[in-house]
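The structure under discussion appears below in the form of structure tokens.
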Amino acid sequence: MDRLVISGGAPLRGKVGVSGAKNAALPLMAASILSLEPLVLENVPPLGDLGTMGKLLAHMGGSVRMSSGGDPGTPETAVLDMGNLDKPEAPHELVKTMRASALVLGPLLARVGRARVSLPGGCAIGVRPIDMHLKALKDMGAEFDLSGGDIVAKAPGGFLRGAKIRFDTVTVTGTEHIMMAAALARGTTVIRNAAREPEVSDTGRALVKMGARIEGLGTDEIVVEGVPSLSSATHAVMSDRIEAGTLIAAAAAAGGKITLTGAPLSAMEAVLGKFGEAGLVFEILANENGGREGKDLVVSSPGGRLLAADATTMPHPGFPTDMQAQFMAAMTLADGVSIITETIFENRFMHVAELRRLGADITLEGRSAVVKGAKKLSGAPLTASDLRASAGLLIAALAADGVSRLSRVYHLDRGYDRLDLKLNLLGADITREKE
Ligand code: EPU
């Protein structure tokens, strides 16, 4: 197991590229199941979680080719050919390491009419059931049994039917899951209270390139008219708004001036707004690649201390829960008191106790963290509990005086494209060592 050794105190300066989005690439890889022809995904980041999804597709009989990674920010291409799919199963070993493995259930039912998928358990950030996914698939005609911890599913007659679905609460992967299943269902599916996250729209756009008929992407009502088959397509995965936000949070905490290339700006309004409130200054410059998202984002810290700002996590276009830990890390050194409220997950404050070890002044009151800006943080040994918590701890360690050691860094590697190397390109002092 690796750990990171972080010498804090250096401001960040320089330019880095933003990688492809994990949370778009995951459903996109699952979407390959829907077609007998290859799906080519460009701009795929080299991440642990995507390797797990690749293993799962290969386990089911697919051919998975992923080009090897280059420098941080260098995109990879994945060629996913599920033409020979012969084992519609997601075993426990793979589902337990990554909950998003459950996303193969609907596509398998839609394509081959049966599936056996291990039921995902809870995880560090909460119970995270998939009851709404299963209820929606049931509404589309699927039948389920539970056997040995696995969901054994079938679609009577070998196909799913279009249905009117209304999610009780907004679910990101739930929306992606049902949209994929509905693409090959007989008839029309209407998804109400659909998630508006940009990763849902990116998945939808790729499905449309494969021949799916989908309307309403980016709104809370998505309508999918099922088609008999989908074909080959090439799609570039959108860039990662959470990675971009994490780098912004690092610049906020450590100070300095950084430039991000390829940040998906139109998907980042809430995050840019919040860091703007805290005193960061943003400038958008045209770069040589052109295009709406081909702009450079220059992020400058105010020089003095950040200003405290409150944030409440909400479904998109609200402030993302996946940025809560990183924003909190930046607020630990802000001038004043910030109230950070988590409304999406019940247990996503695992980083709080670790931030306190650095000297942060945070108290928990139910779903809110009250963060009083400290004068300084001092390096300490830290343990990562989940992906975004690790990013928050890394950011706070960059702003702390002295050396911090961050253990269990595999959490970070599951979902960030070599964040430590990218931060070093910006002047941070982070080394990796074996624990
Ligand atoms: N929920 C249910 N039942 C369901 C589905 C969801 O009760 O059937 C609850 C969840 O427990 C949670 C809330 O509904 O309290 C919203 O969860 P959602 O389904 O939207 O989350 P998700 O789809 O499992 C995705 C991302 C998460 C991100 C959330 C919220 C992927 C692969 N994962 O999870 O990303 O936090 O949406 O935006 O897209 C991360 O990248 O670190 C991460 C955890």
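Simple scheme: letters A, B, ... for chains in structure tokens order, numbers from 1 for residues in each chain, numbers from 1 for ligands in the order shown.
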Can you tell me, as a list in words, what residues are no more than 12 Å from Leu94 in chain A when counting only C-alpha atoms, ignoring any on the same chain fewer than 5 positions away?
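Near Leu94 in chain A, the qualifying residues are Gly48, Asp49, Leu50, Gly51, Thr52, Met53, Gly54, Lys55, Leu56, Leu57, Ala58, His59, Met60, Glu89, Arg99, Ala100, Ser101, Ala102, Val104, Val117, Ser118, Leu119, Pro120 and Gly121 of chain A.
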Taking only C-alpha atoms and all ligand atoms into account, list the residues no farther than 9 Å from ligand 1, as a ChimeraX atom specification.
/A:22-27,98-101,103,122,125-135,167-176,195,197,199-200,242,314-316,320-323,343-346,386-389,415
N, CA and C atoms of the current selection, written as a short mmCIF file (atom, residue, chain, number, x, y, z; two decimals), in the first residue's frame:
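Output contents, as saved in selection-v2.cif:
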```
data_model
loop_
_atom_site.label_atom_id
_atom_site.label_comp_id
_atom_site.auth_asym_id
_atom_site.auth_seq_id
_atom_site.Cartn_x
_atom_site.Cartn_y
_atom_site.Cartn_z
N LYS A 22 -14.38 10.35 -14.13
CA LYS A 22 -14.67 8.98 -13.66
C LYS A 22 -16.16 8.69 -13.70
N ASN A 23 -16.97 9.63 -13.17
CA ASN A 23 -18.39 9.33 -13.00
C ASN A 23 -19.18 9.42 -14.31
N ALA A 24 -18.51 9.85 -15.39
CA ALA A 24 -19.12 9.71 -16.72
C ALA A 24 -18.59 8.43 -17.36
N ALA A 25 -17.29 8.16 -17.19
CA ALA A 25 -16.70 6.98 -17.83
C ALA A 25 -17.32 5.67 -17.32
N LEU A 26 -17.70 5.63 -16.02
CA LEU A 26 -18.25 4.39 -15.47
C LEU A 26 -19.56 3.97 -16.15
N PRO A 27 -20.58 4.84 -16.18
CA PRO A 27 -21.80 4.43 -16.90
C PRO A 27 -21.55 4.22 -18.40
N MET A 98 -16.43 -1.97 -5.99
CA MET A 98 -16.97 -0.78 -6.66
C MET A 98 -18.48 -0.89 -6.85
N ARG A 99 -19.22 -0.03 -6.14
CA ARG A 99 -20.68 -0.09 -6.18
C ARG A 99 -21.22 0.10 -7.58
N ALA A 100 -20.53 0.94 -8.40
CA ALA A 100 -21.07 1.24 -9.73
C ALA A 100 -21.12 0.01 -10.63
N SER A 101 -20.54 -1.13 -10.18
CA SER A 101 -20.65 -2.38 -10.94
C SER A 101 -22.12 -2.75 -11.14
N LEU A 103 -24.38 -1.11 -12.08
CA LEU A 103 -24.93 -0.45 -13.29
C LEU A 103 -25.04 -1.38 -14.49
N GLY A 122 -23.11 -1.48 1.91
CA GLY A 122 -22.93 -0.06 2.21
C GLY A 122 -21.49 0.34 1.90
N ILE A 125 -19.36 6.20 2.95
CA ILE A 125 -20.11 7.46 3.01
C ILE A 125 -21.59 7.27 3.31
N GLY A 126 -22.04 6.03 3.47
CA GLY A 126 -23.44 5.84 3.83
C GLY A 126 -23.96 4.47 3.43
N VAL A 127 -25.25 4.26 3.68
CA VAL A 127 -25.86 2.95 3.41
C VAL A 127 -25.95 2.73 1.89
N ARG A 128 -26.32 3.74 1.16
CA ARG A 128 -26.37 3.75 -0.31
C ARG A 128 -27.09 2.54 -0.93
N PRO A 129 -28.38 2.41 -0.67
CA PRO A 129 -29.12 1.30 -1.29
C PRO A 129 -29.31 1.54 -2.80
N ILE A 130 -29.74 0.47 -3.52
CA ILE A 130 -30.09 0.66 -4.93
C ILE A 130 -31.57 0.32 -5.14
N ASP A 131 -32.37 0.53 -4.05
CA ASP A 131 -33.79 0.19 -4.14
C ASP A 131 -34.52 0.92 -5.27
N MET A 132 -34.15 2.17 -5.52
CA MET A 132 -34.87 2.92 -6.57
C MET A 132 -34.52 2.39 -7.96
N HIS A 133 -33.27 1.90 -8.13
CA HIS A 133 -32.89 1.28 -9.41
C HIS A 133 -33.77 0.04 -9.64
N LEU A 134 -33.87 -0.79 -8.57
CA LEU A 134 -34.58 -2.06 -8.72
C LEU A 134 -36.07 -1.84 -8.93
N LYS A 135 -36.63 -0.86 -8.22
CA LYS A 135 -38.07 -0.60 -8.37
C LYS A 135 -38.37 -0.16 -9.81
N PHE A 167 -38.59 8.89 -9.71
CA PHE A 167 -37.68 8.63 -8.59
C PHE A 167 -38.11 9.46 -7.39
N ASP A 168 -38.13 8.83 -6.19
CA ASP A 168 -38.52 9.54 -4.97
C ASP A 168 -37.53 10.65 -4.65
N THR A 169 -36.23 10.34 -4.81
CA THR A 169 -35.21 11.40 -4.67
C THR A 169 -34.31 11.31 -5.90
N VAL A 170 -33.59 12.39 -6.14
CA VAL A 170 -32.74 12.42 -7.32
C VAL A 170 -31.61 11.40 -7.15
N THR A 171 -31.46 10.51 -8.11
CA THR A 171 -30.37 9.54 -8.07
C THR A 171 -29.59 9.59 -9.39
N VAL A 172 -28.28 9.80 -9.25
CA VAL A 172 -27.44 10.01 -10.44
C VAL A 172 -27.28 8.70 -11.21
N THR A 173 -26.70 7.68 -10.54
CA THR A 173 -26.51 6.43 -11.28
C THR A 173 -27.87 5.76 -11.55
N GLY A 174 -28.86 6.00 -10.68
CA GLY A 174 -30.20 5.44 -10.95
C GLY A 174 -30.74 5.96 -12.28
N THR A 175 -30.58 7.26 -12.51
CA THR A 175 -31.06 7.84 -13.76
C THR A 175 -30.29 7.26 -14.95
N GLU A 176 -28.95 7.17 -14.80
CA GLU A 176 -28.14 6.61 -15.89
C GLU A 176 -28.53 5.16 -16.18
N ALA A 195 -32.01 12.90 -12.57
CA ALA A 195 -30.83 13.68 -12.19
C ALA A 195 -30.39 14.53 -13.37
N GLU A 197 -27.32 15.90 -13.48
CA GLU A 197 -25.85 15.96 -13.44
C GLU A 197 -25.29 15.87 -14.86
N GLU A 199 -22.83 14.36 -15.96
CA GLU A 199 -22.38 13.01 -16.33
C GLU A 199 -23.54 12.19 -16.87
N VAL A 200 -24.77 12.48 -16.40
CA VAL A 200 -25.96 11.80 -16.93
C VAL A 200 -26.14 12.22 -18.39
N ILE A 242 -15.18 17.49 -11.01
CA ILE A 242 -14.78 17.34 -9.61
C ILE A 242 -13.25 17.40 -9.48
N MET A 314 -26.23 19.77 -2.80
CA MET A 314 -27.53 19.60 -3.46
C MET A 314 -27.30 18.86 -4.77
N PRO A 315 -28.34 18.21 -5.31
CA PRO A 315 -28.19 17.67 -6.66
C PRO A 315 -27.85 18.81 -7.64
N HIS A 316 -27.25 18.46 -8.78
CA HIS A 316 -26.90 19.46 -9.79
C HIS A 316 -28.16 20.20 -10.24
N PRO A 320 -21.96 20.37 -5.41
CA PRO A 320 -21.87 18.90 -5.40
C PRO A 320 -21.32 18.31 -4.10
N THR A 321 -21.95 17.24 -3.64
CA THR A 321 -21.43 16.52 -2.46
C THR A 321 -20.00 16.04 -2.70
N ASP A 322 -19.65 15.77 -3.95
CA ASP A 322 -18.29 15.30 -4.24
C ASP A 322 -17.24 16.40 -4.08
N MET A 323 -17.66 17.63 -3.78
CA MET A 323 -16.71 18.73 -3.51
C MET A 323 -16.75 19.18 -2.05
N THR A 343 -26.43 17.23 2.48
CA THR A 343 -27.82 16.74 2.41
C THR A 343 -27.94 15.46 1.58
N ILE A 344 -26.88 15.03 0.90
CA ILE A 344 -27.03 13.88 -0.01
C ILE A 344 -26.72 12.56 0.69
N PHE A 345 -25.63 12.51 1.42
CA PHE A 345 -25.23 11.27 2.12
C PHE A 345 -25.24 11.50 3.63
N GLU A 346 -25.58 10.44 4.38
CA GLU A 346 -25.76 10.61 5.83
C GLU A 346 -24.44 10.55 6.60
N ASP A 386 -12.24 7.61 2.29
CA ASP A 386 -12.92 7.43 1.01
C ASP A 386 -12.31 8.42 0.03
N LEU A 387 -12.77 8.33 -1.21
CA LEU A 387 -12.13 9.10 -2.29
C LEU A 387 -12.05 10.60 -2.03
N ARG A 388 -13.21 11.23 -1.84
CA ARG A 388 -13.20 12.70 -1.74
C ARG A 388 -12.63 13.15 -0.40
N ALA A 389 -12.81 12.33 0.66
CA ALA A 389 -12.19 12.66 1.95
C ALA A 389 -10.68 12.71 1.77
N GLY A 415 -10.07 7.20 -7.94
CA GLY A 415 -10.89 8.18 -8.66
C GLY A 415 -10.19 9.42 -9.17
#
```
Tell me which of A:Leu41, A:Val337, A:Val112, A:Val227 sits closest to Gly158 in chain A, counting only C-alpha atoms.
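Of all the options, A:Val112 lies closest to Gly158 in chain A.
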Shortest interatomic distance to Tyr410 in chain A - which of A:Ala270, A:Val190, A:Met1, A:Ile6, counting only C-alpha atoms:
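Closest to Tyr410 in chain A of all the choices is A:Met1.
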For Lys164 in chain A, list every protein, DNA or RNA residue within 8 Å, evaluated using only C-alpha atoms, and leave out those in the same chain fewer than 6 positions away; present the list as a ChimeraX atom specification.
/A:139,189-192
Take the residues from that selection and write them out as an mmCIF file, in the first residue's frame, keeping all heavy atoms.
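What ended up in part-v3.cif:
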```cif
data_model
loop_
_atom_site.group_PDB
_atom_site.id
_atom_site.type_symbol
_atom_site.label_atom_id
_atom_site.label_comp_id
_atom_site.auth_asym_id
_atom_site.auth_seq_id
_atom_site.Cartn_x
_atom_site.Cartn_y
_atom_site.Cartn_z
ATOM 1 N N ASP A 139 -40.721 -1.918 -12.589
ATOM 2 C CA ASP A 139 -41.778 -1.229 -13.348
ATOM 3 C C ASP A 139 -41.630 -1.499 -14.848
ATOM 4 O O ASP A 139 -42.595 -1.407 -15.599
ATOM 5 C CB ASP A 139 -41.732 0.289 -13.111
ATOM 6 C CG ASP A 139 -42.164 0.663 -11.697
ATOM 7 O OD1 ASP A 139 -42.764 -0.200 -11.015
ATOM 8 O OD2 ASP A 139 -41.880 1.795 -11.266
ATOM 9 N N THR A 189 -40.065 5.105 -22.276
ATOM 10 C CA THR A 189 -39.876 5.255 -20.832
ATOM 11 C C THR A 189 -39.777 6.741 -20.509
ATOM 12 O O THR A 189 -39.054 7.472 -21.181
ATOM 13 C CB THR A 189 -38.577 4.540 -20.380
ATOM 14 O OG1 THR A 189 -38.686 3.160 -20.709
ATOM 15 C CG2 THR A 189 -38.342 4.683 -18.889
ATOM 16 N N VAL A 190 -40.521 7.152 -19.485
ATOM 17 C CA VAL A 190 -40.420 8.543 -19.028
ATOM 18 C C VAL A 190 -39.807 8.511 -17.632
ATOM 19 O O VAL A 190 -40.326 7.827 -16.745
ATOM 20 C CB VAL A 190 -41.818 9.207 -18.982
ATOM 21 C CG1 VAL A 190 -41.708 10.661 -18.523
ATOM 22 C CG2 VAL A 190 -42.491 9.121 -20.338
ATOM 23 N N ILE A 191 -38.685 9.203 -17.444
ATOM 24 C CA ILE A 191 -38.036 9.244 -16.126
ATOM 25 C C ILE A 191 -38.285 10.619 -15.528
ATOM 26 O O ILE A 191 -37.782 11.627 -16.035
ATOM 27 C CB ILE A 191 -36.512 8.993 -16.232
ATOM 28 C CG1 ILE A 191 -36.213 7.715 -17.019
ATOM 29 C CG2 ILE A 191 -35.873 8.932 -14.855
ATOM 30 C CD1 ILE A 191 -34.725 7.507 -17.329
ATOM 31 N N ARG A 192 -39.097 10.659 -14.449
ATOM 32 C CA ARG A 192 -39.379 11.941 -13.781
ATOM 33 C C ARG A 192 -38.505 12.089 -12.543
ATOM 34 O O ARG A 192 -38.084 11.105 -11.964
ATOM 35 C CB ARG A 192 -40.861 12.008 -13.384
ATOM 36 C CG ARG A 192 -41.768 11.885 -14.589
ATOM 37 C CD ARG A 192 -43.040 12.731 -14.451
ATOM 38 N NE ARG A 192 -43.674 12.822 -15.744
ATOM 39 C CZ ARG A 192 -44.637 11.987 -16.194
ATOM 40 N NH1 ARG A 192 -45.077 11.019 -15.417
ATOM 41 N NH2 ARG A 192 -45.142 12.134 -17.394
#
```
Run DSSP on the backbone and grab whatever in range 166-381 of chain A lands in strand (DSSP E); send it over as JSON, numbers by chain.
{"A": [166, 188, 189, 190, 191, 192, 213, 214, 215, 221, 222, 223, 224, 225, 233, 234, 235, 236, 256, 257, 258, 259, 260, 261, 281, 282, 283, 284, 285, 296, 297, 298, 299, 300, 311, 312, 337, 338, 339, 340, 341, 361, 362, 363, 364, 365, 368, 369, 370, 371, 372, 381]}
With a distance cut-off of 12 Å and only C-alpha atoms, select the neighbouring residues of Ala31 in chain A, excluding the residue or stretch itself and same-chain residues fewer than 2 positions from it, and output the selection as a PyMOL selection string.
chain A and resi 24-29+33-41+53+57+80-82+101+103-108+110-111+176-184+200+202-210+212+230-233+235
Determine, for each residue of range 293-318 of chain A having at least one atom at most 12 Å from an atom of range 367-379 of chain A, the closest pair of atoms and their separation in Å to one decimal, counting only C-alpha atoms; order by chain and ascending number, as a tab-separated table.
```
residue	atom	partner	partner_atom	distance
A:Arg305	CA	A:Gly373	CA	9.6
A:Leu306	CA	A:Gly373	CA	9.2
A:Leu307	CA	A:Gly373	CA	9.0
A:Ala308	CA	A:Gly373	CA	7.4
A:Ala309	CA	A:Val371	CA	9.7
A:Asp310	CA	A:Val370	CA	9.2
A:Ala311	CA	A:Ser368	CA	9.6
A:Thr312	CA	A:Ser368	CA	8.6
A:Thr313	CA	A:Ser368	CA	10.4
```
Give the answer as one residue: which of A:Gly366, A:Gly392, A:Gly304, A:Pro46 has the shortest atom-to-atom distance to Thr332 in chain A, using only C-alpha atoms?
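Comparing A:Gly366, A:Gly392, A:Gly304, A:Pro46 against Thr332 in chain A, the winner is A:Gly392.
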Tell me, which residues of range 222-385 of chain A carry DSSP alpha helix (DSSP H), written as a PyMOL selection string?
chain A and resi 241-254+269-277+324-331+350-357
Writing out the chosen residues with C-alpha atoms as a PDB file, in the first residue's frame:
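Saved to selection.pdb:
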```
ATOM      1  CA  ARG A 241     -15.639  18.823 -13.014  1.00  0.00           C
ATOM      2  CA  ILE A 242     -14.776  17.340  -9.606  1.00  0.00           C
ATOM      3  CA  GLU A 243     -11.082  16.978 -10.422  1.00  0.00           C
ATOM      4  CA  ALA A 244     -11.099  20.573 -11.676  1.00  0.00           C
ATOM      5  CA  GLY A 245     -12.882  21.681  -8.488  1.00  0.00           C
ATOM      6  CA  THR A 246     -10.386  19.752  -6.362  1.00  0.00           C
ATOM      7  CA  LEU A 247      -7.462  21.554  -8.017  1.00  0.00           C
ATOM      8  CA  ILE A 248      -9.254  24.875  -7.424  1.00  0.00           C
ATOM      9  CA  ALA A 249      -9.700  23.962  -3.749  1.00  0.00           C
ATOM     10  CA  ALA A 250      -5.975  23.138  -3.566  1.00  0.00           C
ATOM     11  CA  ALA A 251      -5.094  26.567  -4.969  1.00  0.00           C
ATOM     12  CA  ALA A 252      -7.534  28.157  -2.509  1.00  0.00           C
ATOM     13  CA  ALA A 253      -5.942  26.423   0.478  1.00  0.00           C
ATOM     14  CA  ALA A 254      -2.281  26.586  -0.534  1.00  0.00           C
ATOM     15  CA  GLU A 269     -21.161  27.211 -11.855  1.00  0.00           C
ATOM     16  CA  ALA A 270     -21.975  26.357  -8.231  1.00  0.00           C
ATOM     17  CA  VAL A 271     -18.359  25.486  -7.412  1.00  0.00           C
ATOM     18  CA  LEU A 272     -16.920  28.558  -9.133  1.00  0.00           C
ATOM     19  CA  GLY A 273     -19.533  30.711  -7.398  1.00  0.00           C
ATOM     20  CA  LYS A 274     -18.669  29.340  -3.936  1.00  0.00           C
ATOM     21  CA  PHE A 275     -14.919  29.750  -4.328  1.00  0.00           C
ATOM     22  CA  GLY A 276     -15.566  33.220  -5.770  1.00  0.00           C
ATOM     23  CA  GLU A 277     -17.485  34.044  -2.574  1.00  0.00           C
ATOM     24  CA  GLN A 324     -17.800  19.001   0.137  1.00  0.00           C
ATOM     25  CA  ALA A 325     -14.605  17.617   1.751  1.00  0.00           C
ATOM     26  CA  GLN A 326     -12.298  19.685  -0.469  1.00  0.00           C
ATOM     27  CA  PHE A 327     -14.286  22.886   0.162  1.00  0.00           C
ATOM     28  CA  MET A 328     -14.199  22.199   3.900  1.00  0.00           C
ATOM     29  CA  ALA A 329     -10.423  21.733   3.740  1.00  0.00           C
ATOM     30  CA  ALA A 330     -10.082  25.180   2.157  1.00  0.00           C
ATOM     31  CA  MET A 331     -12.436  26.749   4.735  1.00  0.00           C
ATOM     32  CA  MET A 350     -15.250  11.087   7.831  1.00  0.00           C
ATOM     33  CA  HIS A 351     -12.599  13.694   7.002  1.00  0.00           C
ATOM     34  CA  VAL A 352     -13.639  15.935   9.922  1.00  0.00           C
ATOM     35  CA  ALA A 353     -11.792  13.998  12.641  1.00  0.00           C
ATOM     36  CA  GLU A 354      -8.677  13.837  10.448  1.00  0.00           C
ATOM     37  CA  LEU A 355      -8.794  17.576   9.620  1.00  0.00           C
ATOM     38  CA  ARG A 356      -8.929  18.244  13.363  1.00  0.00           C
ATOM     39  CA  ARG A 357      -5.634  16.362  13.714  1.00  0.00           C
TER      40      ARG A 357
END
```
Find the spatial neighbours of Gly141 in chain A, counting only C-alpha atoms, within a cut-off of 8 Å - ignore same-chain residues fewer than 2 positions away - and output them as an MDAnalysis selection string.
chainID A and resid 137:139 143 155:156 160:161
